[in-house]
Amino acid sequence: MILKNRKDNLNAIKYTIEHRKAFKKIEKQLLGKNTWRSIVHDLDKVILYNFLPFKSVKNFHRKTARHHDNSIKKNRNDYIEMIIDWECARFTKPDKQLNAYDILYKFYPHLEDKILPILKEFKLDYKTGEKHE
């Protein structure tokens, strides 16, 4: 059967679709518009979950997506996509309730010099739960 992994990955597919919606919403709030990146964000996962095991898709995505911390050279827009991805995670991932600022310092402190200036620009340079004006 060609869609042999679809049934096993149905929850992951549904979750990723909801995550993509949240990504579009946060991108529009931050940039004032939606870009091509929000159209294709995590789309590979939605498609590949139908054909491949969950773990294979997750590993492939993390190695090949420019918005993940991997060996691919990044530009400013890649970092912005990374920030939007982090910022919207708390709206769709019950186990990941941190905002982009806290995700930076908890998981990716080595990216501070690239990410913090952008967080400041978008006024996202505050801890989860703090009121920021």
# chains A, B, ... in the order shown; residues from 1 in each chain; ligands from 1
>>> residues_around(residues="His19 in chain A", least_positions_apart="2", cutoff="10 Å", atoms="only C-alpha atoms", output="JSON list (two decimals) with all heavy atoms, in the first residue's frame")
[["chain", "number", "residue", "atom", "x", "y", "z"],
["A", 13, "ILE", "N", 0.47, 14.22, 11.24],
["A", 13, "ILE", "CA", 0.02, 15.01, 10.09],
["A", 13, "ILE", "C", -0.93, 16.11, 10.57],
["A", 13, "ILE", "O", -0.77, 17.28, 10.21],
["A", 13, "ILE", "CB", -0.67, 14.11, 9.04],
["A", 13, "ILE", "CG1", 0.35, 13.17, 8.40],
["A", 13, "ILE", "CG2", -1.37, 14.95, 7.97],
["A", 13, "ILE", "CD1", -0.27, 12.04, 7.58],
["A", 14, "LYS", "N", -1.90, 15.73, 11.39],
["A", 14, "LYS", "CA", -2.87, 16.72, 11.91],
["A", 14, "LYS", "C", -2.16, 17.79, 12.74],
["A", 14, "LYS", "O", -2.45, 18.98, 12.60],
["A", 14, "LYS", "CB", -3.93, 16.02, 12.76],
["A", 14, "LYS", "CG", -4.90, 15.18, 11.96],
["A", 14, "LYS", "CD", -5.88, 14.45, 12.87],
["A", 14, "LYS", "CE", -6.81, 13.55, 12.09],
["A", 14, "LYS", "NZ", -7.69, 12.78, 12.98],
["A", 15, "TYR", "N", -1.25, 17.36, 13.59],
["A", 15, "TYR", "CA", -0.50, 18.31, 14.41],
["A", 15, "TYR", "C", 0.28, 19.28, 13.53],
["A", 15, "TYR", "O", 0.29, 20.49, 13.75],
["A", 15, "TYR", "CB", 0.47, 17.59, 15.38],
["A", 15, "TYR", "CG", 1.48, 18.56, 15.86],
["A", 15, "TYR", "CD1", 1.14, 19.51, 16.82],
["A", 15, "TYR", "CD2", 2.73, 18.66, 15.24],
["A", 15, "TYR", "CE1", 2.03, 20.49, 17.17],
["A", 15, "TYR", "CE2", 3.62, 19.63, 15.59],
["A", 15, "TYR", "CZ", 3.26, 20.55, 16.56],
["A", 15, "TYR", "OH", 4.14, 21.53, 16.89],
["A", 16, "THR", "N", 0.97, 18.75, 12.51],
["A", 16, "THR", "CA", 1.80, 19.60, 11.65],
["A", 16, "THR", "C", 0.94, 20.60, 10.88],
["A", 16, "THR", "O", 1.34, 21.76, 10.69],
["A", 16, "THR", "CB", 2.64, 18.73, 10.69],
["A", 16, "THR", "OG1", 3.42, 17.81, 11.47],
["A", 16, "THR", "CG2", 3.59, 19.59, 9.86],
["A", 17, "ILE", "N", -0.24, 20.20, 10.49],
["A", 17, "ILE", "CA", -1.16, 21.13, 9.81],
["A", 17, "ILE", "C", -1.55, 22.26, 10.77],
["A", 17, "ILE", "O", -1.56, 23.44, 10.38],
["A", 17, "ILE", "CB", -2.40, 20.38, 9.27],
["A", 17, "ILE", "CG1", -1.97, 19.50, 8.08],
["A", 17, "ILE", "CG2", -3.51, 21.35, 8.87],
["A", 17, "ILE", "CD1", -3.03, 18.50, 7.63],
["A", 21, "LYS", "N", -0.64, 26.39, 10.56],
["A", 21, "LYS", "CA", -1.61, 27.49, 10.72],
["A", 21, "LYS", "C", -1.10, 28.50, 11.74],
["A", 21, "LYS", "O", -1.19, 29.72, 11.52],
["A", 21, "LYS", "CB", -2.97, 26.94, 11.16],
["A", 21, "LYS", "CG", -3.71, 26.19, 10.10],
["A", 21, "LYS", "CD", -5.03, 25.64, 10.66],
["A", 21, "LYS", "CE", -5.70, 24.70, 9.70],
["A", 21, "LYS", "NZ", -6.89, 24.06, 10.31],
["A", 22, "ALA", "N", -0.58, 28.01, 12.85],
["A", 22, "ALA", "CA", -0.04, 28.90, 13.89],
["A", 22, "ALA", "C", 1.16, 29.67, 13.35],
["A", 22, "ALA", "O", 1.31, 30.87, 13.62],
["A", 22, "ALA", "CB", 0.35, 28.10, 15.12],
["A", 23, "PHE", "N", 2.00, 29.01, 12.57],
["A", 23, "PHE", "CA", 3.16, 29.66, 11.97],
["A", 23, "PHE", "C", 2.71, 30.83, 11.10],
["A", 23, "PHE", "O", 3.25, 31.93, 11.20],
["A", 23, "PHE", "CB", 3.98, 28.66, 11.15],
["A", 23, "PHE", "CG", 5.25, 29.25, 10.60],
["A", 23, "PHE", "CD1", 6.44, 29.10, 11.28],
["A", 23, "PHE", "CD2", 5.24, 29.96, 9.41],
["A", 23, "PHE", "CE1", 7.61, 29.66, 10.78],
["A", 23, "PHE", "CE2", 6.40, 30.52, 8.90],
["A", 23, "PHE", "CZ", 7.59, 30.37, 9.59],
["A", 24, "LYS", "N", 1.71, 30.59, 10.25],
["A", 24, "LYS", "CA", 1.20, 31.66, 9.37],
["A", 24, "LYS", "C", 0.67, 32.84, 10.18],
["A", 24, "LYS", "O", 0.91, 34.00, 9.83],
["A", 24, "LYS", "CB", 0.09, 31.11, 8.46],
["A", 24, "LYS", "CG", 0.61, 30.24, 7.36],
["A", 24, "LYS", "CD", -0.51, 29.66, 6.53],
["A", 24, "LYS", "CE", 0.09, 28.74, 5.48],
["A", 24, "LYS", "NZ", -0.78, 27.72, 4.99],
["A", 25, "LYS", "N", -0.03, 32.54, 11.25],
["A", 25, "LYS", "CA", -0.60, 33.60, 12.10],
["A", 25, "LYS", "C", 0.51, 34.43, 12.74],
["A", 25, "LYS", "O", 0.46, 35.68, 12.70],
["A", 25, "LYS", "CB", -1.49, 32.97, 13.17],
["A", 25, "LYS", "CG", -2.14, 33.97, 14.09],
["A", 25, "LYS", "CD", -3.02, 33.28, 15.12],
["A", 25, "LYS", "CE", -3.62, 34.30, 16.07],
["A", 25, "LYS", "NZ", -4.44, 33.66, 17.10],
["A", 41, "HIS", "N", 6.39, 26.10, 4.93],
["A", 41, "HIS", "CA", 6.92, 25.71, 6.24],
["A", 41, "HIS", "C", 6.42, 24.32, 6.64],
["A", 41, "HIS", "O", 5.20, 24.09, 6.72],
["A", 41, "HIS", "CB", 6.53, 26.74, 7.30],
["A", 41, "HIS", "CG", 7.06, 26.40, 8.65],
["A", 41, "HIS", "ND1", 8.38, 26.66, 9.00],
["A", 41, "HIS", "CD2", 6.50, 25.81, 9.72],
["A", 41, "HIS", "CE1", 8.57, 26.24, 10.24],
["A", 41, "HIS", "NE2", 7.44, 25.71, 10.70],
["A", 42, "ASP", "N", 7.32, 23.40, 6.88],
["A", 42, "ASP", "CA", 7.04, 22.02, 7.32],
["A", 42, "ASP", "C", 6.15, 21.24, 6.36],
["A", 42, "ASP", "O", 5.65, 20.17, 6.71],
["A", 42, "ASP", "CB", 6.42, 22.01, 8.72],
["A", 42, "ASP", "CG", 7.42, 22.37, 9.81],
["A", 42, "ASP", "OD1", 8.61, 22.59, 9.51],
["A", 42, "ASP", "OD2", 7.00, 22.44, 10.98],
["A", 85, "ASP", "N", 9.04, 29.86, 14.17],
["A", 85, "ASP", "CA", 8.80, 28.46, 14.52],
["A", 85, "ASP", "C", 8.84, 28.27, 16.03],
["A", 85, "ASP", "O", 7.95, 27.64, 16.61],
["A", 85, "ASP", "CB", 9.86, 27.59, 13.84],
["A", 85, "ASP", "CG", 9.51, 26.12, 13.79],
["A", 85, "ASP", "OD1", 8.31, 25.79, 13.64],
["A", 85, "ASP", "OD2", 10.43, 25.29, 13.87],
["A", 88, "CYS", "N", 5.77, 30.10, 17.81],
["A", 88, "CYS", "CA", 4.45, 29.50, 17.68],
["A", 88, "CYS", "C", 4.39, 28.11, 18.30],
["A", 88, "CYS", "O", 3.29, 27.57, 18.48],
["A", 88, "CYS", "CB", 3.98, 29.48, 16.23],
["A", 88, "CYS", "SG", 4.79, 28.30, 15.17],
["A", 89, "ALA", "N", 5.50, 27.53, 18.67],
["A", 89, "ALA", "CA", 5.51, 26.19, 19.25],
["A", 89, "ALA", "C", 4.63, 26.09, 20.48],
["A", 89, "ALA", "O", 3.90, 25.11, 20.67],
["A", 89, "ALA", "CB", 6.94, 25.76, 19.58],
["A", 90, "ARG", "N", 4.64, 27.12, 21.31],
["A", 90, "ARG", "CA", 3.86, 27.05, 22.56],
["A", 90, "ARG", "C", 2.35, 27.05, 22.32],
["A", 90, "ARG", "O", 1.58, 26.69, 23.20],
["A", 90, "ARG", "CB", 4.24, 28.19, 23.50],
["A", 90, "ARG", "CG", 3.98, 29.57, 22.95],
["A", 90, "ARG", "CD", 4.64, 30.61, 23.85],
["A", 90, "ARG", "NE", 4.73, 31.87, 23.18],
["A", 90, "ARG", "CZ", 4.40, 33.01, 23.72],
["A", 90, "ARG", "NH1", 3.97, 33.05, 24.96],
["A", 90, "ARG", "NH2", 4.51, 34.12, 23.03],
["A", 91, "PHE", "N", 1.93, 27.44, 21.13],
["A", 91, "PHE", "CA", 0.51, 27.45, 20.82],
["A", 91, "PHE", "C", 0.01, 26.11, 20.28],
["A", 91, "PHE", "O", -1.18, 25.86, 20.25],
["A", 91, "PHE", "CB", 0.18, 28.56, 19.81],
["A", 91, "PHE", "CG", 0.54, 29.92, 20.33],
["A", 91, "PHE", "CD1", 1.57, 30.65, 19.76],
["A", 91, "PHE", "CD2", -0.12, 30.46, 21.43],
["A", 91, "PHE", "CE1", 1.92, 31.91, 20.25],
["A", 91, "PHE", "CE2", 0.22, 31.71, 21.93],
["A", 91, "PHE", "CZ", 1.25, 32.43, 21.33],
["A", 92, "THR", "N", 0.94, 25.25, 19.86],
["A", 92, "THR", "CA", 0.54, 23.97, 19.28],
["A", 92, "THR", "C", 1.21, 22.77, 19.94],
["A", 92, "THR", "O", 0.83, 21.64, 19.66],
["A", 92, "THR", "CB", 0.86, 23.93, 17.76],
["A", 92, "THR", "OG1", 2.24, 24.20, 17.55],
["A", 92, "THR", "CG2", 0.01, 24.94, 17.01],
["A", 93, "LYS", "N", 2.19, 23.00, 20.79],
["A", 93, "LYS", "CA", 2.91, 21.89, 21.42],
["A", 93, "LYS", "C", 2.75, 21.97, 22.94],
["A", 93, "LYS", "O", 3.43, 22.76, 23.59],
["A", 93, "LYS", "CB", 4.39, 21.95, 21.06],
["A", 93, "LYS", "CG", 4.67, 21.81, 19.59],
["A", 93, "LYS", "CD", 6.15, 21.87, 19.29],
["A", 93, "LYS", "CE", 6.39, 21.78, 17.80],
["A", 93, "LYS", "NZ", 7.82, 21.78, 17.47]]
>>> residues_around(residues="Asn5 in chain A", least_positions_apart="5", cutoff="9 Å", atoms="only C-alpha atoms", output="list in words")
Leu10, Leu48, Tyr49, Asn50, Phe51, Leu52, Pro53 and Phe54 of chain A
>>> closest_residue(among="A:Asp102, A:Ser71, A:Lys96, A:Glu87", to="Leu30 in chain A", atoms="only C-alpha atoms")
A:Glu87
>>> residues_around(residues="Leu116 in chain A", least_positions_apart="5", cutoff="10 Å", atoms="only C-alpha atoms", output="CSV table (one decimal) with all heavy atoms, in the first residue's frame")
chain,number,residue,atom,x,y,z
A,83,ILE,N,12.8,31.7,14.4
A,83,ILE,CA,12.2,32.4,15.6
A,83,ILE,C,10.7,32.3,15.5
A,83,ILE,O,10.1,32.0,16.6
A,83,ILE,CB,12.6,33.9,15.5
A,83,ILE,CG1,14.0,34.1,15.9
A,83,ILE,CG2,11.7,34.8,16.4
A,83,ILE,CD1,14.6,35.5,15.6
A,100,ALA,N,10.0,32.2,22.1
A,100,ALA,CA,11.2,32.1,21.3
A,100,ALA,C,12.5,32.5,22.2
A,100,ALA,O,13.5,31.9,22.0
A,100,ALA,CB,11.1,33.0,20.1
A,101,TYR,N,12.4,33.5,23.0
A,101,TYR,CA,13.5,33.9,23.8
A,101,TYR,C,14.0,32.8,24.7
A,101,TYR,O,15.2,32.5,24.8
A,101,TYR,CB,13.0,35.2,24.6
A,101,TYR,CG,14.1,35.8,25.5
A,101,TYR,CD1,15.0,36.7,25.0
A,101,TYR,CD2,14.2,35.4,26.8
A,101,TYR,CE1,16.0,37.3,25.8
A,101,TYR,CE2,15.2,35.9,27.7
A,101,TYR,CZ,16.1,36.9,27.2
A,101,TYR,OH,17.0,37.4,28.0
A,104,LEU,N,15.6,30.0,22.8
A,104,LEU,CA,17.0,30.3,22.5
A,104,LEU,C,17.9,30.0,23.6
A,104,LEU,O,18.9,29.3,23.3
A,104,LEU,CB,17.1,31.8,22.2
A,104,LEU,CG,18.5,32.4,22.0
A,104,LEU,CD1,19.2,31.8,20.8
A,104,LEU,CD2,18.4,33.9,21.9
A,105,TYR,N,17.6,30.4,24.8
A,105,TYR,CA,18.6,30.2,25.9
A,105,TYR,C,18.6,28.8,26.5
A,105,TYR,O,19.6,28.4,27.0
A,105,TYR,CB,18.4,31.3,26.9
A,105,TYR,CG,18.9,32.6,26.4
A,105,TYR,CD1,18.0,33.6,26.0
A,105,TYR,CD2,20.3,32.8,26.3
A,105,TYR,CE1,18.5,34.8,25.5
A,105,TYR,CE2,20.8,34.0,25.7
A,105,TYR,CZ,19.9,35.0,25.4
A,105,TYR,OH,20.4,36.2,24.9
A,109,PRO,N,21.7,28.4,22.9
A,109,PRO,CA,22.5,29.6,23.4
A,109,PRO,C,23.7,29.9,22.4
A,109,PRO,O,24.0,31.1,22.3
A,109,PRO,CB,23.0,29.2,24.8
A,109,PRO,CG,22.9,27.7,24.9
A,109,PRO,CD,21.8,27.3,23.9
A,111,LEU,N,23.5,30.3,19.4
A,111,LEU,CA,22.9,31.1,18.4
A,111,LEU,C,22.6,32.5,18.8
A,111,LEU,O,22.0,33.3,18.0
A,111,LEU,CB,21.7,30.4,17.7
A,111,LEU,CG,21.9,29.1,17.0
A,111,LEU,CD1,20.5,28.5,16.6
A,111,LEU,CD2,22.8,29.2,15.9
A,121,GLU,N,14.5,43.3,17.6
A,121,GLU,CA,13.9,44.0,16.6
A,121,GLU,C,12.4,43.8,16.6
A,121,GLU,O,11.6,44.7,16.3
A,121,GLU,CB,14.5,43.5,15.2
A,121,GLU,CG,13.9,44.2,14.0
A,121,GLU,CD,14.5,43.6,12.7
A,121,GLU,OE1,15.6,43.1,12.7
A,121,GLU,OE2,13.8,43.7,11.7
A,122,PHE,N,12.0,42.5,16.8
A,122,PHE,CA,10.5,42.2,16.8
A,122,PHE,C,9.9,42.3,18.2
A,122,PHE,O,8.8,41.9,18.4
A,122,PHE,CB,10.3,40.8,16.3
A,122,PHE,CG,10.6,40.6,14.8
A,122,PHE,CD1,11.5,39.8,14.3
A,122,PHE,CD2,9.8,41.4,13.9
A,122,PHE,CE1,11.8,39.7,13.0
A,122,PHE,CE2,10.0,41.3,12.5
A,122,PHE,CZ,11.0,40.4,12.1
A,124,LEU,N,10.6,40.7,20.9
A,124,LEU,CA,10.3,39.3,21.5
A,124,LEU,C,11.4,39.0,22.5
A,124,LEU,O,11.6,37.8,22.8
A,124,LEU,CB,10.3,38.3,20.4
A,124,LEU,CG,9.1,38.4,19.4
A,124,LEU,CD1,9.3,37.4,18.3
A,124,LEU,CD2,7.8,38.2,20.1
A,125,ASP,N,12.2,39.9,22.9
A,125,ASP,CA,13.3,39.7,23.8
A,125,ASP,C,12.9,39.7,25.3
A,125,ASP,O,13.4,40.6,26.0
A,125,ASP,CB,14.5,40.7,23.5
A,125,ASP,CG,14.1,42.1,23.6
A,125,ASP,OD1,12.9,42.4,23.3
A,125,ASP,OD2,14.9,42.9,24.1
>>> closest_residue(among="A:Lys55, A:Ile39, A:Lys114, A:Asp44", to="Lys74 in chain A", atoms="only C-alpha atoms")
A:Lys114
>>> atom_distance(atom1="CA of Ile84 in chain A", atom2="CA of Ile115 in chain A")
11.2 Å
>>> select_by_dssp(residues="chain A", states="alpha helix (DSSP H)", output="ChimeraX atom specification")
/A:10-31,36-40,43-48,54-64,76-92,100-107,112-121
